[in-house]
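Take a look at the structure set out below.
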There are 2 protein chains.
Amino acid sequence: MSVLIVGSTALDSIKTPTAENPRLLGGSASHAAVAASFFSPVKLIGIVGDDFPKPYVALYRRHKIDLSGLQVAKGKTFHWSGEYEINMNNRRTLLTELGVFENFTPHLPESHKKSPFVLLANIAPALQHHVLDQMTRPKFVAADTMDLWLNIALNDLMRLLPRLDCFVLNDSEAHQLTKEDNLFNAMRKIHKWGPKYVIIKKGSHGSILSGPRSRFICPAYPLHEVCDPTGAGDSFVGAMMGYLSAARGPIDANIRRAMIYGSVVASFCCEGFGLNRTTKIKRADIERRATELKKMTQF
Amino acid sequence: MSVLIVGSTALDSIKTPTAENPRLLGGSASHAAVAASFFSPVKLIGIVGDDFPKPYVALYRRHKIDLSGLQVAKGKTFHWSGEYEINMNNRRTLLTELGVFENFTPHLPESHKKSPFVLLANIAPALQHHVLDQMTRPKFVAADTMDLWLNIALNDLMRLLPRLDCFVLNDSEAHQLTKEDNLFNAMRKIHKWGPKYVIIKKGSHGSILSGPRSRFICPAYPLHEVCDPTGAGDSFVGAMMGYLSAARGPIDANIRRAMIYGSVVASFCCEGFGLNRTTKIKRADIERRATELKKMTQF
């Protein structure tokens, strides 16, 4: 089955202590779509300006991403610029130019409305709602978010939670949303607001799942060097949803393995700027690291 | 086989945002010895003053801890007092009265010198050396440390590393010692200084092992409430060494399971003040949580 992914499609200018890379292909939807493409067909919903580089369209196509839901509008592509501190944990936004994104209204082609798997990657909750409004009974809906929406669109986000099967957020967002220091208490609270599955991402410490049947402690793949963590969280949910939509059997039976694949693709993402590394791997590279993770967690 | 444990034996006065508990049984050796006692016979090396409460001696005895290496000296027992912040992650020392600890010179009874498993729990590296100097060819030596010794006794600690099979420290200490932000690079560096096994503790994020054959990502047992984390790290290494000394077969085949038991006993430690909770559990409670951890990590 295919997975429909909505989110931002952007140009990212990323500065780290050792390098500077202008106008890379970025955005939550780009990272998630490429990550998902290793596992299943992807339908991308997004918007770019008429300045969007042709090679990036070619890159999407190489990953067999269906672009019939990608709007090309007069104007500039969303441009984000950020800088990482030396330990790669803290980042600072230098510039945000919304461009054509400012007036984005996602329109789903008829062929997209029945997609069984939907990933509402990080984007304004109002747009996440707008996509869901157009869907016909999706089988499994997951959403990611970011601190910005907790700050400026909390009501929209809270209204979104009952519409989700799975909510994915990071540890500091979970704390901000629930006011709970303890992540397991935070998950409990979020369950009450709707989602059956709650996943909290903890960066290099991995992620944790709370589901209807059980909890899962998912490791991060150990990296000796992190080049650029931008998009790692998007890659995680993208690969997870790609795997889920391709797997047979109930969600409960597959979600752990889906998260492991999420961890693995996120690890590749961190090893290059933007999508540079992720677009160079093969499914066999992913399997190799998944097997390694299995060995590193067995006892 | 038995495990010999040297470390501090103290009275801990602990303040958290919700409670205050004066003069609890504490110290690295107390926590490690009780934790190890669930798995194997323990020989304790330490010193207390003549004010040391009788019920605490009885507690050691209930755990069948061999006290022939526990010196009782004229004067006051080492007293530490600390306060935790609301999120339980940061603690502040309010008071340290060394008492009889100031002139502690560990003397090993003849029967202790051939102990095959030795845990040099957190204590001044000079004393850790002094214990090792008295030992006859131990089979497996592990040591823990703390930031204090990195600050005031770094040379002694660096001289200790080649004498160890296993070095255990937490993430911030690993960073301080190696100047590496990346924990896997930090482990690599520490290996070069001697220990075949390096374990980095990451609190609620679990721990990681780097050994001659492989790496292991060890989860923490998920807790909804942390009452008092004092001694959790000591419980971790204590249980680990207790399990290792009781297990058959090579270290490599047992160390992962040993760390899991370490995680589990540390989780119980966090659920009560001082040793209040740990001393109330049974081996069956430990097995139950170890089985749960297995379920929470399988995929």
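Simple scheme: letters A, B, ... for chains in structure tokens order, numbers from 1 for residues in each chain, numbers from 1 for ligands in the order shown.
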
Each residue of chain B with at least one atom at most 10 Å from chain A should appear once, together with its nearest atom pair and the corresponding distance in Å (one decimal); atoms considered: only C-alpha atoms; ordering: chain, then increasing residue number; output as JSON lines.
```
{"residue": "B:Ile86", "atom": "CA", "partner": "A:Asp181", "partner_atom": "CA", "distance": 8.9}
{"residue": "B:Asn87", "atom": "CA", "partner": "A:Asp181", "partner_atom": "CA", "distance": 6.3}
{"residue": "B:Met88", "atom": "CA", "partner": "A:Asp181", "partner_atom": "CA", "distance": 9.2}
{"residue": "B:Glu180", "atom": "CA", "partner": "A:Asn87", "partner_atom": "CA", "distance": 9.5}
{"residue": "B:Asp181", "atom": "CA", "partner": "A:Asn87", "partner_atom": "CA", "distance": 6.3}
{"residue": "B:Asn182", "atom": "CA", "partner": "A:His224", "partner_atom": "CA", "distance": 6.5}
{"residue": "B:Leu183", "atom": "CA", "partner": "A:His224", "partner_atom": "CA", "distance": 8.0}
{"residue": "B:Phe184", "atom": "CA", "partner": "A:His224", "partner_atom": "CA", "distance": 5.8}
{"residue": "B:Asn185", "atom": "CA", "partner": "A:His224", "partner_atom": "CA", "distance": 6.0}
{"residue": "B:Ala186", "atom": "CA", "partner": "A:His224", "partner_atom": "CA", "distance": 9.4}
{"residue": "B:Arg188", "atom": "CA", "partner": "A:His224", "partner_atom": "CA", "distance": 9.8}
{"residue": "B:Lys202", "atom": "CA", "partner": "A:His205", "partner_atom": "CA", "distance": 8.9}
{"residue": "B:Ser204", "atom": "CA", "partner": "A:Asn182", "partner_atom": "CA", "distance": 9.7}
{"residue": "B:His205", "atom": "CA", "partner": "A:His205", "partner_atom": "CA", "distance": 6.2}
{"residue": "B:Gly206", "atom": "CA", "partner": "A:His205", "partner_atom": "CA", "distance": 8.5}
{"residue": "B:Ser207", "atom": "CA", "partner": "A:His205", "partner_atom": "CA", "distance": 9.7}
{"residue": "B:Ile208", "atom": "CA", "partner": "A:Met296", "partner_atom": "CA", "distance": 9.5}
{"residue": "B:Leu209", "atom": "CA", "partner": "A:Met296", "partner_atom": "CA", "distance": 9.3}
{"residue": "B:Ser214", "atom": "CA", "partner": "A:Met296", "partner_atom": "CA", "distance": 7.4}
{"residue": "B:Arg215", "atom": "CA", "partner": "A:Met296", "partner_atom": "CA", "distance": 5.7}
{"residue": "B:Phe216", "atom": "CA", "partner": "A:Met296", "partner_atom": "CA", "distance": 4.5}
{"residue": "B:Ile217", "atom": "CA", "partner": "A:Thr297", "partner_atom": "CA", "distance": 5.4}
{"residue": "B:Cys218", "atom": "CA", "partner": "A:Thr297", "partner_atom": "CA", "distance": 6.8}
{"residue": "B:Pro219", "atom": "CA", "partner": "A:Ile217", "partner_atom": "CA", "distance": 7.1}
{"residue": "B:Ala220", "atom": "CA", "partner": "A:Ile217", "partner_atom": "CA", "distance": 9.0}
{"residue": "B:Tyr221", "atom": "CA", "partner": "A:Ile217", "partner_atom": "CA", "distance": 9.5}
{"residue": "B:Pro222", "atom": "CA", "partner": "A:Phe184", "partner_atom": "CA", "distance": 7.3}
{"residue": "B:Leu223", "atom": "CA", "partner": "A:Phe184", "partner_atom": "CA", "distance": 7.2}
{"residue": "B:His224", "atom": "CA", "partner": "A:Phe184", "partner_atom": "CA", "distance": 5.8}
{"residue": "B:Glu225", "atom": "CA", "partner": "A:Asn182", "partner_atom": "CA", "distance": 7.2}
{"residue": "B:Val226", "atom": "CA", "partner": "A:Asn182", "partner_atom": "CA", "distance": 8.7}
{"residue": "B:Ala253", "atom": "CA", "partner": "A:Phe299", "partner_atom": "CA", "distance": 9.1}
{"residue": "B:Asn254", "atom": "CA", "partner": "A:Phe299", "partner_atom": "CA", "distance": 8.5}
{"residue": "B:Ile255", "atom": "CA", "partner": "A:Phe299", "partner_atom": "CA", "distance": 8.8}
{"residue": "B:Arg256", "atom": "CA", "partner": "A:Phe299", "partner_atom": "CA", "distance": 5.6}
{"residue": "B:Arg257", "atom": "CA", "partner": "A:Phe299", "partner_atom": "CA", "distance": 5.6}
{"residue": "B:Ala258", "atom": "CA", "partner": "A:Phe299", "partner_atom": "CA", "distance": 9.3}
{"residue": "B:Met259", "atom": "CA", "partner": "A:Phe299", "partner_atom": "CA", "distance": 9.4}
{"residue": "B:Ile260", "atom": "CA", "partner": "A:Phe299", "partner_atom": "CA", "distance": 8.1}
{"residue": "B:Glu292", "atom": "CA", "partner": "A:Arg215", "partner_atom": "CA", "distance": 9.6}
{"residue": "B:Leu293", "atom": "CA", "partner": "A:Ile217", "partner_atom": "CA", "distance": 8.6}
{"residue": "B:Lys294", "atom": "CA", "partner": "A:Phe299", "partner_atom": "CA", "distance": 7.8}
{"residue": "B:Lys295", "atom": "CA", "partner": "A:Phe216", "partner_atom": "CA", "distance": 7.9}
{"residue": "B:Met296", "atom": "CA", "partner": "A:Phe216", "partner_atom": "CA", "distance": 4.5}
{"residue": "B:Thr297", "atom": "CA", "partner": "A:Ile217", "partner_atom": "CA", "distance": 5.4}
{"residue": "B:Gln298", "atom": "CA", "partner": "A:Gln298", "partner_atom": "CA", "distance": 7.6}
{"residue": "B:Phe299", "atom": "CA", "partner": "A:Arg256", "partner_atom": "CA", "distance": 5.6}
```

Give the strand (DSSP E or B) residues of segment 212-289 of chain A, as assigned by DSSP on the backbone, as a PDB file with all heavy atoms, in the first residue's frame.
```
ATOM      1  N   ARG A 215       4.749  -1.444  25.592  1.00  0.00           N
ATOM      2  CA  ARG A 215       5.722  -0.382  25.374  1.00  0.00           C
ATOM      3  C   ARG A 215       6.932  -0.947  24.648  1.00  0.00           C
ATOM      4  O   ARG A 215       7.228  -2.125  24.765  1.00  0.00           O
ATOM      5  CB  ARG A 215       6.150   0.199  26.721  1.00  0.00           C
ATOM      6  CG  ARG A 215       5.006   0.903  27.423  1.00  0.00           C
ATOM      7  CD  ARG A 215       5.479   1.618  28.650  1.00  0.00           C
ATOM      8  NE  ARG A 215       5.678   0.680  29.744  1.00  0.00           N
ATOM      9  CZ  ARG A 215       5.806   1.063  31.020  1.00  0.00           C
ATOM     10  NH1 ARG A 215       5.760   2.345  31.329  1.00  0.00           N
ATOM     11  NH2 ARG A 215       5.987   0.169  31.968  1.00  0.00           N
ATOM     12  N   PHE A 216       7.623  -0.066  23.934  1.00  0.00           N
ATOM     13  CA  PHE A 216       8.831  -0.487  23.238  1.00  0.00           C
ATOM     14  C   PHE A 216       9.907   0.566  23.439  1.00  0.00           C
ATOM     15  O   PHE A 216       9.654   1.759  23.304  1.00  0.00           O
ATOM     16  CB  PHE A 216       8.533  -0.672  21.733  1.00  0.00           C
ATOM     17  CG  PHE A 216       9.733  -1.059  20.902  1.00  0.00           C
ATOM     18  CD1 PHE A 216      10.564  -2.111  21.289  1.00  0.00           C
ATOM     19  CD2 PHE A 216      10.037  -0.375  19.729  1.00  0.00           C
ATOM     20  CE1 PHE A 216      11.662  -2.476  20.514  1.00  0.00           C
ATOM     21  CE2 PHE A 216      11.131  -0.731  18.947  1.00  0.00           C
ATOM     22  CZ  PHE A 216      11.945  -1.788  19.348  1.00  0.00           C
ATOM     23  N   ILE A 217      11.102   0.095  23.799  1.00  0.00           N
ATOM     24  CA  ILE A 217      12.244   0.993  23.943  1.00  0.00           C
ATOM     25  C   ILE A 217      13.102   0.790  22.700  1.00  0.00           C
ATOM     26  O   ILE A 217      13.692  -0.270  22.518  1.00  0.00           O
ATOM     27  CB  ILE A 217      13.048   0.654  25.221  1.00  0.00           C
ATOM     28  CG1 ILE A 217      12.136   0.785  26.455  1.00  0.00           C
ATOM     29  CG2 ILE A 217      14.251   1.580  25.343  1.00  0.00           C
ATOM     30  CD1 ILE A 217      12.755   0.256  27.747  1.00  0.00           C
ATOM     31  N   CYS A 218      13.124   1.799  21.831  1.00  0.00           N
ATOM     32  CA  CYS A 218      13.783   1.685  20.531  1.00  0.00           C
ATOM     33  C   CYS A 218      15.136   2.393  20.568  1.00  0.00           C
ATOM     34  O   CYS A 218      15.197   3.583  20.866  1.00  0.00           O
ATOM     35  CB  CYS A 218      12.880   2.298  19.456  1.00  0.00           C
ATOM     36  SG  CYS A 218      13.580   2.248  17.801  1.00  0.00           S
TER      37      CYS A 218
END
```

I'd like the contact shell of Val264 of chain A - 7 Å cut-off, only C-alpha atoms, skipping same-chain residues fewer than 6 positions apart - returned as JSON, numbers by chain. {"A": [221, 286, 289, 290]}

Atoms to include: N, CA and C atoms. Write the selected residues as a PDB file, in the first residue's frame.
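The result, stored in out.pdb:
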```pdb
ATOM      1  N   TYR A 221      20.643   4.193  16.338  1.00  0.00           N
ATOM      2  CA  TYR A 221      21.827   3.531  15.815  1.00  0.00           C
ATOM      3  C   TYR A 221      23.057   4.348  16.234  1.00  0.00           C
ATOM      4  N   ILE A 286      20.260  -0.399   4.721  1.00  0.00           N
ATOM      5  CA  ILE A 286      19.303  -0.256   5.822  1.00  0.00           C
ATOM      6  C   ILE A 286      19.174  -1.580   6.569  1.00  0.00           C
ATOM      7  N   ARG A 289      22.162  -2.274   8.943  1.00  0.00           N
ATOM      8  CA  ARG A 289      22.143  -1.572  10.234  1.00  0.00           C
ATOM      9  C   ARG A 289      21.011  -2.082  11.143  1.00  0.00           C
ATOM     10  N   ALA A 290      19.892  -2.474  10.537  1.00  0.00           N
ATOM     11  CA  ALA A 290      18.798  -3.023  11.354  1.00  0.00           C
ATOM     12  C   ALA A 290      19.249  -4.311  12.031  1.00  0.00           C
TER      13      ALA A 290
END
```

Using atom CA of Ala126 of chain A and atom CA of Pro162 of chain A as the two end points, give the distance in Å to one decimal. 14.2 Å

Shell of 10 Å around Ser81 of chain B, only C-alpha atoms, local chain residues under 6 positions omitted, as a count of residues only: 14

Could you give me, as a list in words, the residues within 7 Å of segment 99-105 of chain B, counting only C-alpha atoms and dropping anything in the same chain fewer than 4 positions from it?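 Skipping anything fewer than 4 positions along the chain leaves Ile47, Val48, Gly49, Ala73, Gly75, Lys76, Thr77 and Phe78 of chain B.
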
Backbone DSSP call of helix (DSSP H, G or I) for segment 61-249 of chain B, listed as a PyMOL selection string: chain B and resi 61-62+99-103+110-112+125-134+147-152+154-163+171-178+183-192+203-205+232-246

Residues from the last selection, C-alpha atoms, saved as a compact mmCIF listing (two decimals), in the first residue's frame:
```
# COMPACT_ATOMS: atom_id res chain seq x y z
CA ARG B 61 23.65 -9.09 57.77
CA ARG B 62 20.14 -9.81 56.48
CA GLY B 99 34.55 11.65 59.81
CA VAL B 100 36.45 8.36 60.14
CA PHE B 101 36.61 8.15 56.35
CA GLU B 102 39.35 10.77 56.32
CA ASN B 103 41.96 8.28 57.53
CA GLU B 110 43.48 -12.90 54.29
CA SER B 111 40.27 -14.64 53.17
CA HIS B 112 39.42 -11.69 50.90
CA PRO B 125 41.26 6.19 43.23
CA ALA B 126 44.20 5.92 45.68
CA LEU B 127 42.07 3.65 47.87
CA GLN B 128 40.96 1.67 44.83
CA HIS B 129 44.67 1.13 44.05
CA HIS B 130 45.35 0.18 47.65
CA VAL B 131 42.75 -2.58 47.54
CA LEU B 132 44.02 -3.94 44.23
CA ASP B 133 47.58 -3.94 45.59
CA GLN B 134 46.49 -6.47 48.21
CA ASP B 147 33.40 13.77 38.83
CA LEU B 148 35.12 14.67 42.11
CA TRP B 149 38.01 12.28 41.36
CA LEU B 150 38.33 13.61 37.82
CA ASN B 151 38.77 17.02 39.39
CA ILE B 152 41.13 16.25 42.27
CA LEU B 154 42.95 12.49 37.83
CA ASN B 155 46.49 11.08 37.83
CA ASP B 156 45.56 8.32 40.27
CA LEU B 157 42.52 7.51 38.16
CA MET B 158 44.49 7.37 34.92
CA ARG B 159 46.99 5.01 36.57
CA LEU B 160 44.06 2.84 37.66
CA LEU B 161 42.60 2.32 34.17
CA PRO B 162 45.22 -0.19 32.91
CA ARG B 163 44.55 -2.29 36.03
CA ASP B 171 27.96 10.33 30.38
CA SER B 172 29.04 13.66 31.81
CA GLU B 173 32.10 12.06 33.43
CA ALA B 174 32.96 10.39 30.11
CA HIS B 175 32.78 13.77 28.44
CA GLN B 176 34.88 15.41 31.15
CA LEU B 177 37.51 12.64 31.03
CA THR B 178 37.89 12.35 27.25
CA LEU B 183 29.97 8.83 23.72
CA PHE B 184 31.10 6.16 21.24
CA ASN B 185 34.28 8.11 20.55
CA ALA B 186 34.72 8.57 24.31
CA MET B 187 34.52 4.78 24.78
CA ARG B 188 37.10 4.22 22.06
CA LYS B 189 39.49 6.59 23.84
CA ILE B 190 38.97 4.91 27.21
CA HIS B 191 39.69 1.48 25.70
CA LYS B 192 43.11 2.78 24.66
CA GLY B 203 20.49 7.66 33.82
CA SER B 204 16.93 7.26 32.57
CA HIS B 205 18.30 6.69 29.05
CA ALA B 232 21.15 4.10 41.45
CA GLY B 233 24.51 4.01 39.68
CA ASP B 234 26.08 2.06 42.56
CA SER B 235 23.16 -0.39 42.49
CA PHE B 236 23.68 -0.81 38.76
CA VAL B 237 27.35 -1.85 39.04
CA GLY B 238 26.68 -3.82 42.21
CA ALA B 239 23.96 -5.98 40.66
CA MET B 240 26.02 -6.33 37.49
CA MET B 241 29.06 -7.61 39.38
CA GLY B 242 26.92 -9.84 41.60
CA TYR B 243 25.37 -11.47 38.55
CA LEU B 244 28.72 -11.83 36.75
CA SER B 245 30.37 -13.48 39.73
CA ALA B 246 27.53 -16.00 40.02
```

Using only C-alpha atoms, pick whichever of B:Ser210, B:Thr279, B:Ser263, B:Thr9 has the shortest atom-to-atom distance to Asp165 of chain B.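 Ranking B:Ser210, B:Thr279, B:Ser263, B:Thr9 by distance to Asp165 of chain B, first place goes to B:Ser210.
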
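If you measure from each of B:Thr16, B:Thr291, B:Ser8, B:Asn90 to Ala29 of chain B using only C-alpha atoms, the closest one turns out to be B:Ser8.
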
Judged by only C-alpha atoms, the minimum distance to Ile200 of chain B among B:Asp252, B:Asp51, B:Asp144, B:Glu287 is found for B:Asp144

Interatomic distance between atom CA of Gly69 of chain B and atom CA of Phe39 of chain B? 19.8 Å

Calculate how many Å separate atom CA of Glu83 of chain B from atom CA of Phe167 of chain B, rounding to one decimal.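 About the pair atom CA of Glu83 of chain B and atom CA of Phe167 of chain B: they are 27.5 Å apart.
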